[in-house]
Structure formats: C-alpha cells, structure tokens
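**Q** Below: one structure in structure tokens.
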Amino acid sequence: MNIIHRLDRVIAKVKEQPKDLLILRLTVIALLLYSPPYNPLKSMVLPILCAIMLVSSDFLTRRFLWAVLVFSFVATNVAFWYEFDNHHYLTNYWCIVCLLAVRTKNARDILSWNGRLLIGLCFFFATLWKIIALQFFDGSFLQATILLDRRLEMAAYLFGGLPAEVLYNNRELLDYFAATSLGQEALLTTSPQLAFLSVILSYWTILCEGMVAIAFLVPQLKWLYDRRDYILMLFIITTYPLVPVGGFASLLAVMGLAQCSCDRPRVQFAYLILLVFIPFWMDIPQIIFDRFLI
Amino acid sequence: MGGLNSPKTIKFLQFWFVPLLLIVIALRQLFLVSTVKLTPWKGGGFGMFSSIDRPSNRVVEVRGITKSGRSLEIDLAFENEVISPQQLKLIKTVPKQELLELTAEKILNSDLRKTRIEGIYRLQAKDKYSDLPGESTFNLEAVKIRIWHLQYDSNQNIIWYEPLTEIVEAKRS
C-alpha cells in the first residue's frame with residue numbers, strides 16, 4: 001500500500017511539470033540509455049550533458065545544448081548511414097524536433113504534431129516494406145528469422161516447440177554454407193506449428209503496423225484515430241518482448257506521449273507506466289527463458 | 001517574399017521539415033534498394049524485419065588469381081590492414097559496382113598469407129612481414145569479387161545462397 005502511495009506521488013509530481021518539459025526530459029533519459037552508436041561524445045560528454053539537462057530545466061531548454069546533441073547525432077548518422085538502424089534515424093529526427101521546439105511559444109504543439117506524424121510515417125514505411133518485400137504473406141520471413149536468429153530463440157521454443165540444440169544446428173548449418181557451399185541447398189529443421197504460427201504472426205504484424213500507420217496519419221477516420229494510443233501500446237507490448245529493441249520501444253512511447261491529447265490523463269499515465277516498465281518487460285521474459293527453460 | 005526568419009518559414013520548419021526529411025530519406029532508401037541493391041534493413045527506410053536479405057545474411061566471395069593461374073579463396077573476415085571491418089560492412093550493405101571495383105583493386109595491390117584453414121587466404125598490406133622466415137606471400141594477377149545473399153523456401157524449408165551481384169574483376173595491367 002505504501003509503495004503504491006509513493007508511486008502515485010512520484011507520478012503526480014512527474015505529471016505536474018509542463019508537458020513539453022516532461023517530453024524533453026524523457027527524451028534525454030532515452031538518449032542516455034539508448035543513444036545511437038559511434039557517437040564521439042558517447043563515452044564521456046554525452047552522459048554529462050544529459051545529466052546536466054536532466055537536473056536543470058534551464059539547461060534542458062537551452063537551444064545550444066540541443067544543437068550540440070543534434071549535430072553529433074546527425075554527423076554520425078551521415079558518416080555511418082549504411083550501418084544505422086531505423087530507430088537511430090528516428091532518434092535523430094526526434095532530436096531535431098526537440099531542437100525546433102525548445103523555447104518556443106508552441107513547443108507542445110510542435111512536439112505533438114511531429115510525434116504523431118513521425119510515428120505514422122515510420123509505421124507506414126514499415127508496412128509498405130513488409131508488403132513489397134513479399135516474404136510476409138507466406139510467413140517465410142518470420143519462419144526463417146525465428147529459425148536462424150539467436151535473439152529469437154525464445155520465440156522458436158515457445159511457438160515452435162524447437163529445442164535450443166536444433167536451433168544451434170540450424171545456425172551452424174547457415175555458417176557452414178556461407179563459408180563453404182555457396183549455391184548449394186541445405187535443409188533446416190522446423191516444426192509444423194512454427195510454420196503455421198509464422199503465418200499468423202506475419203499477418204498480425206502487418207495488421208497491427210498498418211493500423212498504427214492509418215490511425216496516426218488519417219485523423220478523418222475518427223474511430224481509429226481516437227484509439228491510436230491503444231493500438232500503439234498494443235504494438236509495443238506485444239512486439240518488444242520477442243524483438244528486444246529497447247531504444248525503439250522507448251522512443252515510440254515518448255513520441256506517443258508527446259502526441260497524446262492532454263485531456264486524456266489516463267492514457268498519458270499509461271504511456272508513462274509503459275516507459276518505466278519497458279526495460280523489465282523486454283528483459284524479464286528472456287531472463288526467465290534463459291534461466292529456466294533452456 | 002518571406003525570408004528565413006519569416007513566421008511562415010519558421011512555422012514550416014517547426015511542423016513540416018522533420019516529417020518531410022523522413023519521407024525523403026525513406027524514398028531515397030527505396031531507390032537505393034532497387035538500383036544498387038542496398039539491403040532493405042539499412043538506410044532509414046524502415047525496412048527492417050521485412051526481408052531476410054540483411055547484411056549478416058550476405059557473403060562476400062573473393063578469389064585471387066595467381067600468375068600460374070591458380071585460384072585462391074580469400075576471406076576478408078580475417079583482420080587485415082587492407083580492408084577494414086567498416087569497409088566490409090559497406091560493400092555488403094551497399095554492393096555498388098564502383099565500391100566492388102575499388103575493393104578488388106585494393107586486394108589486387110596487397111599480399112596474401114595462408115590461414116590456419118586449408119585453402120583459405122587472408123590479406124596483408126604489400127611487403128609487410130615479407131622478410132619473416134617461412135611466410136610465403138602471393139602476388140596476384142587478378143581479383144574477382146562477388147556478393148551472395150541468402151534465400152529461403154518455406155515450402156521445402158531449404159536455404160541457399162544466390163549471387164546478388166555480377167562478378168567484378170580487377171586485373172594487373
């Protein structure tokens with residue numbers, strides 16, 4: 001009871017601050033935890049800069065400091081554009097939005113508008129890619145990825161009933177063929193339930209991502225638009241325990257909160273809770289799996 | 001005429017610049033995938049988790065041809081002073097003809113050393129360690145390079161590698 005009371009007080013205090021400051025703070029925390037790679041400031045300067053910005057609202061809203069962050073992120077992204085993942089690009093876009101928003105009269109509107117469009121566009125292109133790559137409709141992409149990617153071993157075990165040694169053998173086979181037998185065929189070991197579930201999960205992914213894109217980009221579809229926050233949260237909750245990309249999940253939650261209407265305090269609260277629990281929610285299933293099931 | 005400081009320009013920057021930047025970069029990525037075979041996973045087009053054609057599922061095949069016509073298999077994954085890990089990632093991710101030509105030229109102008117694996121050779125900078133006893137190096141007459149990518153047939157559950165690019169060759173003139 002005491003813990004719940006304390007948590008309530010902490011959340012009330014968090015919610016007391018102006019929303020634009022809250023969004024900037026959460027962005028800085030996300031940068032501190034999941035900043036893109038290769039940044040020359042990453043080891044020393046970035047943590048100090050972020051810590052100063054977190055402590056002082058004055059520093060948090062200094063354009064110069066945001067400009068330093070943006071410059072270092074964008075310069076690194078340009079140099080390593082072929083290596084950066086999608087969420088690193090998204091992080092950079094969002095930092096530019098923060099730079100454009102700080103110390104303006106309409107900071108909240110800028111963050112909200114850009115947050116909604118960036119989420120919608122990123123899901124639009126993600127859905128488009130899944131459609132044009134043609135490996136989603138027959139489930140082949142997910143099945144191959146689950147069978148060959150070490151990070152998805154949990155999914156292979158839970159959904160396909162495949163033990164770790166079978167998956168290890170599949171990966172060994174892939175490595176062997178890459179090294180010695182280009183052009184020859186190799187048979188992977190799978191199970192009928194994994195093949196079936198790969199198709200179901202593929203359609204679920206396309207449906208969920210497509211719904212997020214439409215809900216965030218087409219306000220004219222009022223029913224869907226009004227439920228956009230729930231759809232995004234459903235996506236975060238169901239996707240990231242299987243594909244643990246903390247930086248992406250946190251950024252989506254921060255941008256989701258930024259665009260969430262102020263007259264929906266419960267939804268905003270849900271975004272905050274989601275942000276707090278993302279690291280645990282993503283890692284706990286994996287830890288349980290590694291410790292007790294394998 | 002509104003200048004850079006006009007309210008209209010500022011409003012445009014604040015509300016439309018970043019979404020438009022995302023669209024331009026995503027369209028550029030789609031263009032590069034269809035023209036120079038950039039992997040859908042990279043380039044800011046949000047194509048991750050859409051195709052198995054990711055950089056780690058691409059293989060760089062390099063063959064060096066000696067004066068006597070022997071074909072030697074060169075593995076660029078071994079640490080060397082000629083092709084850095086970043087360059088290797090770049091040619092896997094964006095296998096442009098010019099990049100492959102440049103890489104083949106670099107390999108042609110370097111030496112080879114045996115590895116512990118029978119029949120596999122690694123690169124070393126020209127003349128480096130050439131005075132070490134028992135370390136034979138090879139001068140190459142030509143280098144052939146090609147990128148392969150993984151394929152998967154879910155009906156038969158088989159994997160295989162297929163050529164992604166043509167063979168690019170550099171010859172000693």
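In the structure tokens, chains take the letters A, B, ... in the order shown, each chain's residues start at 1, and ligands count up from 1 in the order shown.
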So that I can check the surroundings of range 161-169 of chain B, please list as an mmCIF file with C-alpha atoms, in the first residue's frame every protein, DNA and RNA residue that reaches within 7 Å of it, counting only C-alpha atoms and ignoring chain neighbours fewer than 4 positions away.
**A**
data_model
loop_
_atom_site.group_PDB
_atom_site.id
_atom_site.type_symbol
_atom_site.label_atom_id
_atom_site.label_comp_id
_atom_site.auth_asym_id
_atom_site.auth_seq_id
_atom_site.Cartn_x
_atom_site.Cartn_y
_atom_site.Cartn_z
ATOM 1 C CA LEU A 182 27.583 -21.035 -51.789
ATOM 2 C CA GLY A 183 24.978 -22.053 -54.323
ATOM 3 C CA LEU B 100 33.344 -3.507 -55.549
ATOM 4 C CA GLU B 101 35.829 -2.326 -58.201
ATOM 5 C CA ALA B 104 39.057 -5.529 -55.915
ATOM 6 C CA ALA B 142 43.672 -10.699 -60.936
ATOM 7 C CA VAL B 143 40.966 -10.499 -58.284
ATOM 8 C CA LYS B 144 37.332 -11.496 -58.667
ATOM 9 C CA ILE B 145 34.713 -10.369 -56.194
ATOM 10 C CA ARG B 146 31.014 -11.084 -55.894
ATOM 11 C CA ILE B 147 28.285 -10.699 -53.236
ATOM 12 C CA TRP B 148 25.848 -13.520 -52.452
ATOM 13 C CA HIS B 149 22.648 -13.300 -50.431
ATOM 14 C CA LEU B 150 20.588 -15.809 -48.511
ATOM 15 C CA GLN B 151 17.405 -17.317 -49.936
#
**Q** Give me the residues near Ile237 in chain A as an mmCIF file with N, CA, C and O atoms, in the first residue's frame, where near means some atom within 10 Å (using only C-alpha atoms) and where sequence neighbours in that chain fewer than 5 positions away do not count.
**A**
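The resulting out_20.cif:
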data_model
loop_
_atom_site.group_PDB
_atom_site.id
_atom_site.type_symbol
_atom_site.label_atom_id
_atom_site.label_comp_id
_atom_site.auth_asym_id
_atom_site.auth_seq_id
_atom_site.Cartn_x
_atom_site.Cartn_y
_atom_site.Cartn_z
ATOM 1 N N ILE A 231 -3.666 1.262 -29.853
ATOM 2 C CA ILE A 231 -3.077 0.381 -30.879
ATOM 3 C C ILE A 231 -1.551 0.426 -30.786
ATOM 4 O O ILE A 231 -0.873 -0.605 -30.859
ATOM 5 N N LEU A 232 -1.012 1.641 -30.583
ATOM 6 C CA LEU A 232 0.452 1.766 -30.473
ATOM 7 C C LEU A 232 0.955 1.011 -29.238
ATOM 8 O O LEU A 232 1.963 0.294 -29.304
ATOM 9 N N LEU A 242 9.547 -10.040 -27.760
ATOM 10 C CA LEU A 242 10.108 -11.012 -28.708
ATOM 11 C C LEU A 242 11.285 -10.434 -29.484
ATOM 12 O O LEU A 242 12.236 -11.134 -29.811
ATOM 13 N N ALA A 249 11.446 0.944 -28.651
ATOM 14 C CA ALA A 249 10.239 0.906 -27.817
ATOM 15 C C ALA A 249 10.120 2.197 -26.992
ATOM 16 O O ALA A 249 9.044 2.809 -26.919
ATOM 17 N N LEU A 274 4.285 2.506 -19.184
ATOM 18 C CA LEU A 274 4.916 1.703 -20.230
ATOM 19 C C LEU A 274 6.410 2.015 -20.315
ATOM 20 O O LEU A 274 7.253 1.105 -20.387
ATOM 21 N N ILE A 278 9.303 -0.717 -19.707
ATOM 22 C CA ILE A 278 9.883 -1.265 -20.953
ATOM 23 C C ILE A 278 11.151 -2.099 -20.691
ATOM 24 O O ILE A 278 11.249 -3.240 -21.162
ATOM 25 N N TRP A 281 9.955 -5.302 -18.960
ATOM 26 C CA TRP A 281 9.033 -6.047 -19.804
ATOM 27 C C TRP A 281 9.766 -6.755 -20.937
ATOM 28 O O TRP A 281 9.427 -7.859 -21.323
ATOM 29 N N MET A 282 10.836 -6.092 -21.438
ATOM 30 C CA MET A 282 11.559 -6.717 -22.536
ATOM 31 C C MET A 282 12.521 -7.789 -22.047
ATOM 32 O O MET A 282 12.702 -8.808 -22.698
#
**Q** Fewer than 6 positions away in the same chain doesn't count, so skip those; otherwise give me all residues within 10 Å of Ser181 in chain A, counting only C-alpha atoms, as a list in words.
**A**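 Everything that qualifies: Leu174 and Asp175 of chain A; Trp160 and Tyr161 of chain B.
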**Q** Distance cut-off 6 Å, counting only C-alpha atoms - which residues of chain B neighbour chain A? Return them as a list in words.
**A**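 Taking only C-alpha atoms into account, Gln14, Lys42, Gly43, Gly44, Phe46, Gly47, Ser50, Ser51, Ile52, Ser154, Asn157, Ile158, Ile159, Trp160, Tyr161 and Glu162 of chain B sit within 6 Å of chain A.
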**Q** If you run DSSP over the backbone, which residues in range 15-110 of chain B end up strand (DSSP E)? Put them as a VMD selection string.
**A** chain B and resid 58 to 66 71 to 74
**Q** Would you mind writing down, as an MDAnalysis selection string, each residue of range 28-109 of chain B that DSSP on the backbone assigns to alpha helix (DSSP H)?
**A** chainID B and resid 28:36 85:93 97:108
**Q** Counting only C-alpha atoms, which of B:Ile83, B:Leu140, B:Ile120, B:Ile23 gets nearest to Leu102 in chain B?
**A**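 Comparing B:Ile83, B:Leu140, B:Ile120, B:Ile23 against Leu102 in chain B, the winner is B:Ile83.
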**Q** With distances taken over only C-alpha atoms, which of B:Val59, B:Leu38, B:Lys89, B:Gln97 is nearest to Tyr176 in chain A?
**A**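 With only C-alpha atoms as the atom set, the closest residue is B:Val59.
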**Q** Separation of CA of Gly64 in chain B and CA of Ile107 in chain B, in Å?
**A**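 Those two atoms sit 8.4 Å apart.
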**Q** Between B:Gln29, B:Ser34, B:Ile74, B:Leu20, which residue has the minimum interatomic distance to Glu118 in chain B, considering only C-alpha atoms?
**A**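 Selected residue with least distance to Glu118 in chain B: B:Ile74.
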**Q** As an exercise, work out the distance from CA of Ile214 in chain A to CA of Trp16 in chain B in Å and give it to one decimal place.
**A**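 Separation between CA of Ile214 in chain A and CA of Trp16 in chain B: 18.6 Å.
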